[in-house]
Amino acid sequence: MVGEKITAGYLEQIFRENYSRYYYYALSVVDESEVAKDIIGEVFLAVWKNRANIDEKKLNSYIFTSIHNKSLNEINKNHAFISVEASEARLSVDSGEEWLQKEERICEMEKVIDTMNPRTRYILEQFYYQHRSYKEVAEELGITTEGIKKQLVKAMTLFREHFNINKHKK
């Protein structure tokens with residue numbers, strides 16, 4: 001069987017490690033937070049039910065494709081009045097090669113995030129993934145908003161160094 005290695009623990013690990021990427025991908029299509037969350041849940045339930053037929057090496061692609069398809073179905077179900085042209089323009093689906101390049105950049109960014117000290121990583125995740133304000137995170141950690149800014153600058157510096165980005169390109 002193809003999916004023998006897709007255990008509950010492995011699928012939970014994939015879910016936890018990639019949830020924000022899956023969520024924001026669905027959200028970019030459906031524009032509704034709760035709907036995006038529901039789509040992610042439905043996709044993971046379907047993956048679990050169909051795990052014996054899914055190649056573990058292609059699991060991430062399978063999940064993204066399922067999210068895309070469920071998102072399109074949701075749009076069609078709830079917005080039947082949207083024309084095909086408007087849907088296509090709104091979604092602007094990338095070619096497979098562009099999608100793979102974006103996925104590779106995301107993986108590289110995750111590697112950089114993994115090298116950050118826990119405090120910088122936490123602040124970055126709270127600000128960018130959880131959309132919390134400087135003030136909220138600063139209050140939680142008992143530091144100033146300037147401290148939060150410094151940590152985010154530190155994180156961005158690590159990204160620039162890793163990707164060889166010159167801040168002041170000429």
# chains A, B, ... in the order shown; residues from 1 in each chain; ligands from 1
>>> residues_around(residues="Trp48 (chain A)", least_positions_apart="4", cutoff="12 Å", atoms="only C-alpha atoms", output="list of chain:residue names")
A:Gly3, A:Glu4, A:Lys5, A:Ile6, A:Thr7, A:Ala8, A:Gly9, A:Tyr10, A:Leu11, A:Glu12, A:Ile14, A:Phe15, A:Gly41, A:Glu42, A:Val43, A:Phe44, A:Ala52, A:Asn53, A:Ile54, A:Glu56, A:Leu59, A:Ile63
>>> atom_distance(atom1="CA of Gln126 (chain A)", atom2="CA of Asp31 (chain A)")
21.0 Å
>>> closest_residue(among="A:Asn117, A:Glu140, A:Arg132, A:Leu100", to="Lys154 (chain A)", atoms="only C-alpha atoms")
A:Asn117
>>> select_by_dssp(residues="region 9-149 of chain A", states="alpha helix (DSSP H)", output="NGL selection string")
:A and (9-30 or 33-49 or 59-78 or 84-91 or 96-115 or 118-124 or 134-141 or 145-149)
